[in-house]
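Asks: My structure is in start02.txt, and what it holds is compact mmCIF, C-alpha atoms and all ligand atoms:
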# COMPACT_ATOMS: atom_id res chain seq x y z
CA ALA G 1185 9.58 11.71 18.69
CA ALA G 1186 12.60 9.56 19.48
CA ALA G 1187 14.17 7.89 16.45
CA GLU G 1188 14.40 4.10 16.64
CA GLY G 1189 15.64 1.59 14.07
CA PRO G 1190 14.46 1.67 10.46
CA ILE G 1191 11.88 -0.93 11.57
CA VAL G 1192 11.08 -1.75 15.18
CA LYS G 1193 9.01 -4.96 14.99
CA PRO G 1194 10.72 -8.36 14.60
CA LEU G 1195 11.26 -9.46 10.97
CA PRO G 1196 11.55 -13.27 11.03
CA PRO G 1197 13.08 -14.43 7.73
CA GLU G 1198 10.22 -16.86 7.05
CA LEU G 1199 7.75 -13.94 7.11
CA PHE G 1200 9.72 -11.05 5.58
CA LYS G 1201 12.38 -10.20 3.07
CA PRO G 1202 14.33 -7.13 4.30
CA LEU G 1203 14.96 -4.45 1.63
CA GLY G 1204 17.02 -1.57 3.08
CA THR G 1205 14.79 0.43 5.44
CA ASN G 1206 11.81 -1.65 4.26
CA ALA G 1207 10.54 -5.21 4.63
CA GLU G 1208 8.31 -7.07 2.22
CA THR G 1209 5.88 -9.78 3.22
CA ARG G 1210 6.63 -13.25 1.88
CA TRP G 1211 3.51 -14.44 0.08
CA SER G 1212 4.03 -17.93 1.55
CA ALA G 1213 3.41 -16.28 4.94
CA LEU G 1214 -0.14 -15.36 3.85
CA ALA G 1215 -1.20 -18.96 3.07
CA ALA G 1216 -2.07 -19.57 6.69
CA VAL G 1217 -3.87 -16.32 7.49
CA GLY G 1218 -7.43 -15.09 6.96
CA TYR G 1219 -8.71 -12.06 5.10
CA HIS G 1220 -6.64 -9.51 7.02
CA VAL G 1221 -2.84 -9.54 7.15
CA PRO G 1222 -1.75 -9.82 10.80
CA ILE G 1223 0.55 -7.06 12.09
CA ASP G 1224 3.41 -9.56 12.55
CA ARG G 1225 3.59 -10.05 8.77
CA PHE G 1226 2.36 -6.72 7.35
CA PHE G 1227 4.93 -5.08 5.04
CA VAL G 1228 6.78 -1.95 6.17
CA ARG G 1229 7.81 0.89 3.88
CA ASN G 1230 9.89 3.58 5.59
CA HIS G 1231 11.60 6.42 3.78
CA THR G 1232 13.85 6.83 6.85
CA SER G 1233 13.08 5.12 10.16
CA THR G 1234 10.29 4.41 12.63
CA PRO G 1235 9.97 7.10 15.33
CA ILE G 1236 8.76 6.26 18.83
CA ILE G 1237 6.07 8.78 19.75
CA ASP G 1238 4.58 9.25 23.22
CA SER G 1239 0.84 9.01 22.58
CA ALA G 1240 0.09 10.76 25.90
CA THR G 1241 1.73 14.01 24.77
CA TRP G 1242 1.19 13.64 21.00
CA ARG G 1243 -0.92 16.39 19.37
CA LEU G 1244 -2.33 16.73 15.90
CA GLU G 1245 -2.18 20.33 14.69
CA VAL G 1246 -4.58 21.36 11.94
CA SER G 1247 -3.84 24.75 10.43
CA GLY G 1248 -3.75 26.82 7.24
CA ALA G 1249 -5.59 29.38 5.15
CA GLY G 1250 -8.24 26.79 4.23
CA LEU G 1251 -9.64 27.00 7.77
CA ARG G 1252 -12.07 29.67 8.96
CA GLY G 1253 -9.96 30.35 12.06
CA GLY G 1254 -6.56 29.70 13.59
CA PRO G 1255 -4.86 26.40 14.25
CA VAL G 1256 -6.81 23.69 16.11
CA SER G 1257 -5.05 20.92 17.97
CA PHE G 1258 -6.30 17.44 18.96
CA SER G 1259 -4.95 14.94 21.48
CA LEU G 1260 -5.34 11.20 20.91
CA ARG G 1261 -8.06 11.27 23.58
CA ASP G 1262 -9.90 13.99 21.60
CA LEU G 1263 -9.85 11.74 18.53
CA HIS G 1264 -11.06 8.72 20.54
CA ARG G 1265 -14.09 10.78 21.64
CA LEU G 1266 -15.16 11.50 18.04
CA PRO G 1267 -17.38 9.02 16.15
CA SER G 1268 -15.26 6.19 14.75
CA VAL G 1269 -15.39 4.09 11.58
CA ALA G 1270 -13.75 0.75 10.76
CA ARG G 1271 -12.97 -0.48 7.24
CA SER G 1272 -10.99 -3.24 5.55
CA VAL G 1273 -8.69 -1.38 3.17
CA THR G 1274 -5.71 -2.38 1.01
CA LEU G 1275 -2.46 -0.55 1.58
CA GLU G 1276 -0.06 -1.03 -1.30
CA CYS G 1277 3.20 0.68 -2.22
CA ALA G 1278 3.26 2.24 -5.70
CA GLY G 1279 6.50 0.30 -6.28
CA ASN G 1280 5.00 -3.10 -5.46
CA GLY G 1281 6.03 -5.56 -8.20
CA ARG G 1282 8.84 -3.27 -9.39
CA SER G 1283 11.39 -6.11 -9.72
CA TYR G 1284 9.23 -7.68 -12.47
CA PHE G 1285 9.92 -4.75 -14.82
CA THR G 1286 13.47 -6.15 -14.83
CA SER G 1287 12.96 -9.91 -14.45
CA GLN G 1288 9.97 -10.22 -16.86
CA GLN G 1289 10.39 -7.24 -19.18
CA GLY G 1290 14.19 -6.80 -19.19
CA GLN G 1291 13.86 -3.10 -18.26
CA THR G 1292 16.05 -1.01 -15.99
CA VAL G 1293 14.13 0.83 -13.28
CA SER G 1294 15.29 2.49 -10.05
CA GLY G 1295 13.86 2.12 -6.55
CA THR G 1296 13.33 -0.62 -4.01
CA ALA G 1297 13.23 -3.97 -5.84
CA TRP G 1298 9.96 -5.26 -4.39
CA GLY G 1299 8.51 -8.61 -5.42
CA LEU G 1300 4.75 -8.66 -4.83
CA GLY G 1301 4.88 -8.35 -1.03
CA ALA G 1302 4.50 -4.57 -0.56
CA VAL G 1303 0.74 -4.94 -0.05
CA GLY G 1304 -1.64 -5.88 2.73
CA VAL G 1305 -5.26 -5.58 3.78
CA ALA G 1306 -5.93 -4.59 7.39
CA ARG G 1307 -8.98 -3.55 9.37
CA TRP G 1308 -8.39 0.11 10.15
CA ARG G 1309 -10.35 1.98 12.82
CA GLY G 1310 -10.22 5.70 13.37
CA VAL G 1311 -11.96 8.98 12.71
CA ARG G 1312 -12.99 10.18 9.30
CA LEU G 1313 -10.62 12.93 8.15
CA SER G 1314 -13.76 14.88 7.19
CA THR G 1315 -14.93 14.84 10.84
CA VAL G 1316 -11.63 16.32 12.04
CA LEU G 1317 -11.47 18.90 9.24
CA ARG G 1318 -15.02 20.09 9.94
CA LYS G 1319 -14.32 20.28 13.69
CA ALA G 1320 -11.23 22.35 12.85
CA GLY G 1321 -13.37 24.85 10.94
CA LEU G 1322 -12.92 23.85 7.30
CA SER G 1323 -13.72 26.78 5.02
CA SER G 1324 -15.25 26.66 1.55
CA ARG G 1325 -11.95 28.16 0.31
CA ALA G 1326 -10.07 24.91 1.11
CA VAL G 1327 -8.34 23.38 -1.93
CA ASP G 1328 -5.73 20.89 -0.69
CA VAL G 1329 -5.13 19.00 2.54
CA GLN G 1330 -1.61 17.81 3.39
CA ALA G 1331 -0.57 15.60 6.32
CA SER G 1332 3.09 15.54 7.42
CA GLY G 1333 4.84 12.69 9.25
CA LEU G 1334 6.85 13.03 12.47
CA ASP G 1335 9.54 10.60 11.25
CA PRO G 1336 13.00 12.01 10.44
CA ASN G 1337 13.13 14.23 7.34
CA TYR G 1338 13.97 12.45 4.10
CA VAL G 1339 17.44 13.43 2.91
CA THR G 1340 18.51 12.28 -0.54
CA GLY G 1341 21.56 13.28 -2.59
CA GLY G 1342 22.54 15.67 0.23
CA VAL G 1343 19.23 17.56 -0.02
CA ASP G 1344 16.79 17.70 2.91
CA LEU G 1345 13.32 17.23 1.41
CA GLY G 1346 11.60 17.79 4.75
CA PRO G 1347 9.01 15.60 6.44
CA VAL G 1348 7.25 12.92 4.38
CA ARG G 1349 4.05 14.55 3.06
CA ARG G 1350 1.78 14.65 0.05
CA PRO G 1351 -1.29 16.76 -0.69
CA LEU G 1352 -4.81 15.39 -1.18
CA PRO G 1353 -7.49 17.37 -2.99
CA VAL G 1354 -10.10 18.47 -0.44
CA ARG G 1355 -12.68 16.37 -2.30
CA LYS G 1356 -10.73 13.15 -1.63
CA ALA G 1357 -9.93 14.25 1.93
CA LEU G 1358 -13.67 14.62 2.64
CA ASP G 1359 -14.63 11.42 0.83
CA ASP G 1360 -13.26 8.22 2.39
CA VAL G 1361 -9.96 9.04 4.14
CA ILE G 1362 -9.50 7.77 7.70
CA LEU G 1363 -7.22 9.06 10.48
CA ALA G 1364 -6.55 5.57 11.85
CA TYR G 1365 -5.51 4.76 15.43
CA GLU G 1366 -6.25 1.01 15.32
CA MET G 1367 -5.04 -1.79 13.04
CA ASN G 1368 -6.76 -5.21 13.22
CA GLY G 1369 -8.28 -4.30 16.58
CA SER G 1370 -5.00 -3.27 18.26
CA PRO G 1371 -3.60 0.22 18.83
CA LEU G 1372 -1.63 1.18 15.72
CA PRO G 1373 1.91 -0.31 16.05
CA ALA G 1374 4.98 1.96 15.84
CA ASP G 1375 6.05 0.73 12.38
CA HIS G 1376 2.62 1.37 10.90
CA GLY G 1377 2.30 4.96 12.12
CA ALA G 1378 1.52 5.12 15.85
CA PRO G 1379 -0.28 6.88 17.28
CA VAL G 1380 -2.22 8.03 14.16
CA ARG G 1381 -1.83 7.59 10.40
CA LEU G 1382 -3.86 8.37 7.31
CA VAL G 1383 -5.49 5.53 5.37
CA VAL G 1384 -6.35 6.73 1.87
CA PRO G 1385 -8.42 4.01 0.14
CA SER G 1386 -7.58 3.22 -3.53
CA TRP G 1387 -4.58 5.57 -3.56
CA ILE G 1388 -0.93 4.53 -3.60
CA GLY G 1389 0.49 3.72 -0.15
CA SER G 1390 2.66 6.84 0.02
CA ALA G 1391 -0.48 8.96 0.48
CA SER G 1392 -1.31 7.09 3.69
CA ILE G 1393 1.02 9.25 5.82
CA LYS G 1394 2.20 7.53 9.02
CA TRP G 1395 2.94 9.27 12.37
CA VAL G 1396 0.82 12.29 11.40
CA GLY G 1397 1.75 15.40 13.39
CA ARG G 1398 0.34 18.17 11.30
CA ILE G 1399 -2.36 18.68 8.71
CA GLU G 1400 -2.18 21.75 6.53
CA VAL G 1401 -5.41 22.91 4.92
CA SER G 1402 -4.58 25.24 2.09
CA ASP G 1403 -6.58 27.62 -0.13
CA VAL G 1404 -4.11 27.13 -3.00
CA PRO G 1405 -2.79 23.88 -4.55
CA LEU G 1406 0.06 22.32 -2.54
CA PHE G 1407 3.05 20.40 -3.87
CA SER G 1408 5.61 18.14 -2.23
CA PRO G 1409 8.50 16.08 -3.59
CA TRP G 1410 6.20 13.07 -3.07
CA ASN G 1411 4.09 14.17 -6.02
CA THR G 1412 6.49 16.36 -8.03
CA GLN G 1413 9.75 14.34 -7.92
CA PHE G 1414 8.61 10.82 -7.08
CA TYR G 1415 5.36 8.98 -7.67
CA ARG G 1416 5.17 10.27 -11.24
CA PHE G 1417 5.56 8.34 -14.47
CA PHE G 1418 8.81 9.22 -16.23
CA GLY G 1419 10.09 7.69 -19.46
CA PRO G 1420 9.73 7.79 -23.24
CA ASP G 1421 5.91 7.58 -23.12
CA PHE G 1422 5.53 10.50 -20.71
CA PRO G 1423 6.04 14.29 -20.58
CA ALA G 1424 9.51 15.51 -19.54
CA ASP G 1425 8.31 16.52 -16.06
CA GLY G 1426 6.47 13.22 -15.71
CA ARG G 1427 2.82 12.36 -15.38
CA PRO G 1428 1.42 12.42 -11.83
CA PHE G 1429 -0.78 9.57 -10.61
CA ASP G 1430 -2.54 8.78 -7.39
CA ARG G 1431 -4.47 5.51 -7.81
CA GLN G 1432 -3.20 2.00 -7.36
CA SER G 1433 -3.61 -0.60 -10.12
CA ILE G 1434 -4.76 -4.25 -10.35
CA LYS G 1435 -2.73 -7.32 -9.30
CA SER G 1436 -2.80 -10.97 -8.31
CA ALA G 1437 -0.46 -13.10 -6.22
CA PHE G 1438 -0.17 -16.77 -5.30
CA GLU G 1439 0.34 -17.51 -1.61
CA LEU G 1440 3.72 -19.12 -2.25
CA ASP G 1441 7.26 -17.95 -2.91
CA PRO G 1442 8.91 -18.21 -6.36
CA GLY G 1443 10.68 -21.55 -6.72
CA ALA G 1444 8.21 -23.48 -4.53
CA ALA G 1445 8.58 -27.27 -4.87
CA PHE G 1446 5.61 -29.67 -5.16
CA THR G 1447 5.20 -33.43 -5.29
CA ALA G 1448 4.56 -34.58 -8.87
CA GLY G 1449 1.28 -36.41 -9.42
CA LYS G 1450 -0.19 -35.23 -6.15
CA ARG G 1451 -3.10 -32.80 -6.09
CA VAL G 1452 -2.26 -29.45 -4.49
CA ARG G 1453 -4.55 -26.57 -3.65
CA LEU G 1454 -3.13 -23.35 -5.09
CA THR G 1455 -4.35 -20.27 -3.20
CA GLY G 1456 -3.96 -16.58 -3.85
CA ARG G 1457 -5.44 -13.10 -3.69
CA SER G 1458 -6.33 -10.43 -6.27
CA TRP G 1459 -7.08 -6.75 -5.79
CA SER G 1460 -7.87 -3.62 -7.81
CA ALA G 1461 -8.10 0.01 -6.79
CA ALA G 1462 -10.82 0.63 -9.37
CA GLY G 1463 -13.41 -1.68 -7.80
CA ARG G 1464 -14.22 -5.16 -6.54
CA ILE G 1465 -12.64 -8.20 -8.20
CA LYS G 1466 -15.17 -9.96 -10.45
CA HIS G 1467 -13.24 -13.12 -11.24
CA VAL G 1468 -9.73 -14.55 -11.44
CA GLU G 1469 -8.21 -16.91 -13.99
CA VAL G 1470 -5.23 -19.16 -13.34
CA SER G 1471 -2.89 -20.85 -15.81
CA THR G 1472 -0.58 -23.69 -14.74
CA ASP G 1473 0.90 -24.25 -18.22
CA GLY G 1474 2.61 -20.93 -18.89
CA GLY G 1475 -0.46 -19.09 -20.19
CA VAL G 1476 -1.88 -21.54 -22.77
CA ARG G 1477 -5.03 -22.60 -20.90
CA TRP G 1478 -6.80 -20.53 -18.25
CA ARG G 1479 -9.21 -21.83 -15.63
CA ARG G 1480 -11.46 -19.83 -13.32
CA ALA G 1481 -10.29 -19.89 -9.73
CA ARG G 1482 -12.90 -20.52 -6.99
CA PRO G 1483 -13.52 -17.38 -4.92
CA VAL G 1484 -12.94 -17.82 -1.18
CA GLY G 1485 -14.75 -15.44 1.18
CA PRO G 1486 -15.81 -11.89 0.37
CA SER G 1487 -14.78 -9.60 -2.49
CA ILE G 1488 -14.58 -6.17 -0.85
CA ASP G 1489 -14.22 -2.83 -2.62
CA ASN G 1490 -10.77 -1.33 -1.91
CA ALA G 1491 -9.68 -4.63 -0.36
CA TRP G 1492 -9.11 -8.04 -1.99
CA GLN G 1493 -10.59 -11.34 -3.15
CA ARG G 1494 -9.07 -14.61 -1.97
CA TRP G 1495 -9.25 -17.59 -4.36
CA GLU G 1496 -8.14 -21.20 -4.84
CA LEU G 1497 -7.66 -23.79 -7.55
CA ASP G 1498 -6.64 -27.45 -7.42
CA TRP G 1499 -3.76 -28.64 -9.57
CA LYS G 1500 -1.94 -31.93 -10.12
CA PRO G 1501 1.58 -31.04 -11.33
CA SER G 1502 3.60 -33.32 -13.60
CA VAL G 1503 7.34 -33.78 -13.11
CA GLY G 1504 9.37 -30.75 -14.14
CA ALA G 1505 9.40 -26.94 -14.12
CA HIS G 1506 6.13 -25.01 -14.40
CA SER G 1507 5.06 -21.38 -14.66
CA LEU G 1508 2.01 -20.36 -12.64
CA GLN G 1509 0.05 -17.25 -13.64
CA ALA G 1510 -3.01 -15.52 -12.23
CA ARG G 1511 -5.04 -12.80 -13.95
CA ALA G 1512 -7.74 -10.73 -12.26
CA TYR G 1513 -10.78 -8.93 -13.69
CA ASP G 1514 -12.53 -6.19 -11.73
CA VAL G 1515 -16.14 -4.97 -11.92
CA ARG G 1516 -15.04 -1.92 -13.93
CA GLY G 1517 -13.77 -4.08 -16.79
CA ASN G 1518 -10.07 -3.78 -15.96
CA SER G 1519 -7.82 -6.80 -16.17
CA GLN G 1520 -4.11 -7.48 -15.97
CA PRO G 1521 -2.15 -6.98 -19.21
CA GLU G 1522 0.67 -9.16 -20.54
CA VAL G 1523 3.13 -6.27 -20.29
CA ALA G 1524 3.15 -3.37 -17.82
CA THR G 1525 3.76 0.18 -19.07
CA PHE G 1526 7.45 1.01 -18.67
CA ASN G 1527 8.31 3.96 -16.46
CA THR G 1528 11.82 4.65 -15.16
CA LEU G 1529 10.85 4.67 -11.48
CA GLY G 1530 9.05 1.34 -11.88
CA TYR G 1531 5.62 2.22 -10.50
CA LEU G 1532 2.28 0.42 -10.79
CA PHE G 1533 3.43 -2.88 -12.28
CA ASP G 1534 0.12 -4.54 -13.17
CA ALA G 1535 1.06 -7.28 -15.67
CA VAL G 1536 0.46 -10.99 -15.05
CA VAL G 1537 3.40 -12.34 -13.03
CA LYS G 1538 4.99 -15.65 -14.06
CA VAL G 1539 5.80 -17.65 -10.94
CA PRO G 1540 8.33 -20.44 -11.48
CA VAL G 1541 7.67 -23.64 -9.47
CA THR G 1542 8.89 -27.23 -9.76
CA ALA G 1543 7.47 -30.68 -9.14
CA ALA G 1544 9.49 -33.85 -8.50
N1 LIG Q 1 4.52 8.08 6.15
C1 LIG Q 1 5.62 8.62 6.67
N2 LIG Q 1 5.49 9.58 7.59
N3 LIG Q 1 6.86 8.22 6.29
C2 LIG Q 1 7.04 7.24 5.34
O1 LIG Q 1 8.19 6.88 5.03
N4 LIG Q 1 5.93 5.72 3.75
C3 LIG Q 1 4.75 5.69 2.87
C4 LIG Q 1 3.46 5.61 3.67
N5 LIG Q 1 3.46 6.57 4.73
C5 LIG Q 1 5.88 6.68 4.75
C6 LIG Q 1 4.61 7.11 5.22
C7 LIG Q 1 4.77 4.61 1.90
S1 LIG Q 1 5.73 4.89 0.52
C8 LIG Q 1 3.96 3.51 2.02
S2 LIG Q 1 3.86 2.37 0.78
C9 LIG Q 1 3.16 3.28 3.25
O2 LIG Q 1 3.33 4.31 4.22
C10 LIG Q 1 3.54 1.96 3.91
O3 LIG Q 1 2.79 1.72 5.08
P1 LIG Q 1 3.22 0.54 6.07
O4 LIG Q 1 4.67 0.71 6.41
O5 LIG Q 1 2.32 0.63 7.26
O6 LIG Q 1 3.01 -0.78 5.35
MO MO Q 2 5.16 3.31 -1.01
Take the structure from the file and write it as structure tokens.
Replies:
Amino acid sequence: AAAEGPIVKPLPPELFKPLGTNAETRWSALAAVGYHVPIDRFFVRNHTSTPIIDSATWRLEVSGAGLRGGPVSFSLRDLHRLPSVARSVTLECAGNGRSYFTSQQGQTVSGTAWGLGAVGVARWRGVRLSTVLRKAGLSSRAVDVQASGLDPNYVTGGVDLGPVRRPLPVRKALDDVILAYEMNGSPLPADHGAPVRLVVPSWIGSASIKWVGRIEVSDVPLFSPWNTQFYRFFGPDFPADGRPFDRQSIKSAFELDPGAAFTAGKRVRLTGRSWSAAGRIKHVEVSTDGGVRWRRARPVGPSIDNAWQRWELDWKPSVGAHSLQARAYDVRGNSQPEVATFNTLGYLFDAVVKVPVTAA
């Protein structure tokens, strides 16, 4: 794997906000697109940088004491010959919405200061991880399954933490995880994990390991810094060594950027999307008066499990400053709270976001 830039694809400023080695999608860039987020505006979250991998020589090595035999290796062509599946699945960084802990709740958190643009739904095609594990000789002793990325090792505070990796319990690995080689009908692009990445539905984005080179199948529990040091809740409400989590939360976003300007007295169509890792979105409420009155938004298109629900609502703004809010309810009875649970690393912000807009 040759190292390239942090991100290889173009990042036009009207589509992305760059954040260090990452880029977040501008929500205004989703107003004009359909259910799936096109590759040219899908967010990128890189711990280090995007490697360029030759798919002709790339191999996936599956090994470990959770297999009946020795290591088994697959080429991309081998994977293409196995039965494929395609699913629309949300990929969302655990830190999505982190900046609102500070701007709405006045709390200090560390990590990339994402707005709401570290999320996207794409159509992923690939092979079920279960198919590959069974072909590799999965044994009944298997406990955890851990994919490692071929991107440069993550070095922080002078310590080399090794390749980006995180274990999955074998039960999840066999359930709905995909080894994806296509995104929205195209071969997986470099920045999103070419030639092959994991897509782990309902889990935080960090579990969906990009540029997979190796899968370890273990007969004992595995640990990595990506579930012992990061991606845990730390803070006054949690144990000293933090509380681990794996599932994403529930959120809503308007397809506009904070500070958007409208024409007073003229009807506008507000559009947005809501999503929940716990199940399909049931309905969405919108307030245009700072949370006093709430109206049901009209659903647009499908509400897909592990993906999102698009919605719209018409509004005639008066002159002045306004605060727009959207609140989603899923089929499991979850909804968005007024205040998100504080944790020092700023994960899983799920509260209703107040979006300032003006009309003149
Ligand atoms: N996989 C590898 N190998 N290296 C990474 O830095 N970042 C993870 C995950 N997979 C990462 C990775 C994180 S934190 C997220 S949120 C998603 O990839 C982002 O996927 P995307 O860049 O395709 O949007
Ligand atoms: Mo992430």
Asks: What are the closest atom pairs, with distances in Å to one decimal, for each residue of chain G lying within 7 Å of ligand MO 2 (chain Q), using only C-alpha atoms and all ligand atoms, rows by chain and rising residue number, as CSV?
Replies:
residue,atom,partner,partner_atom,distance
G:Arg1229,CA,Q:MO2,MO,6.1
G:Glu1276,CA,Q:MO2,MO,6.8
G:Cys1277,CA,Q:MO2,MO,3.5
G:Ala1278,CA,Q:MO2,MO,5.2
G:Gly1279,CA,Q:MO2,MO,6.2
G:Ile1388,CA,Q:MO2,MO,6.7
G:Gly1389,CA,Q:MO2,MO,4.8
G:Ser1390,CA,Q:MO2,MO,4.4
Asks: With all atoms listed in the file counted, collect every polymer residue having an atom within 6 Å of ligand LIG 1 (chain Q); state the result as a ChimeraX atom specification.
Replies: /G:1227-1232,1276-1277,1333,1335,1348,1376,1389-1390,1392-1395
Asks: Which of these residues is nearest to G:Gly1253, using all atoms listed in the file: G:Ala1320, G:Glu1198, G:Leu1363, G:Ser1314?
Replies: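 Selected residue with least distance to G:Gly1253: G:Ala1320.
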Asks: For G:Met1367, which residue among G:Ala1444, G:Leu1275, G:Leu1199, G:Ala1437 is the nearest when counting all atoms listed in the file?
Replies: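 Using all atoms listed in the file, G:Met1367 sits closest to G:Leu1275.
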Asks: Pick out the residues sitting within 8 Å of G:Ile1488, and hand them over as a PyMOL selection string; count only C-alpha atoms, and ignore anything fewer than 2 positions along from it in its own chain.
Replies: chain G and resi 1272+1464-1465+1486+1490-1493
Asks: Closest to G:Pro1423 among G:Leu1358, G:Asn1527, G:Gln1289, G:Ala1481, using only C-alpha atoms?
Replies: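 Nearest to G:Pro1423: G:Asn1527.
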Asks: Between atom CA of G:Arg1431 and atom CA of G:Arg1312, what distance in Å does the model show, to one decimal?
Replies: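 If I compute the distance from atom CA of G:Arg1431 to atom CA of G:Arg1312, I get 19.7 Å.
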Asks: Would you please work out which residue, of G:Ala1510, G:Val1396, G:Ala1240, G:Ala1270, is nearest to G:Ala1378 when using all atoms listed in the file?
Replies: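 Closest candidate: G:Val1396.
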Asks: Quote the spacing between atom CA of G:Asp1403 and atom CA of G:Val1329 in Å to one decimal place.
Replies: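 Atom CA of G:Asp1403 sits 9.1 Å away from atom CA of G:Val1329.
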Asks: Measuring between only C-alpha atoms, which one of G:Ser1247, G:Asn1368, G:Ser1239, G:Ser1436 shows the shortest distance to G:His1220?
Replies: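 Going through G:Ser1247, G:Asn1368, G:Ser1239, G:Ser1436 one by one, the smallest distance to G:His1220 is for G:Asn1368.
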Asks: In terms of the shortest atom-to-atom distance over all atoms listed in the file, which of G:Gly1301, G:Val1256, G:Arg1265, G:Ala1505 is closest to G:Asn1206?
Replies: G:Gly1301
Asks: How big is the axis-aligned box around all listed atoms of stretch 1393-1404 of chain G once 8 Å goes on each side, and where's its centre, in Å to one decimal, as AutoDock Vina command-line options?
Replies:
--center_x -1.8 --center_y 17.6 --center_z 5.2 --size_x 25.5 --size_y 36.1 --size_z 32.4
Asks: Might you pull out every residue within 8 Å of G:Val1404, with all atoms listed in the file counted and same-chain residues fewer than 3 positions away left off, and present them as a ChimeraX atom specification?
Replies: /G:1326-1328
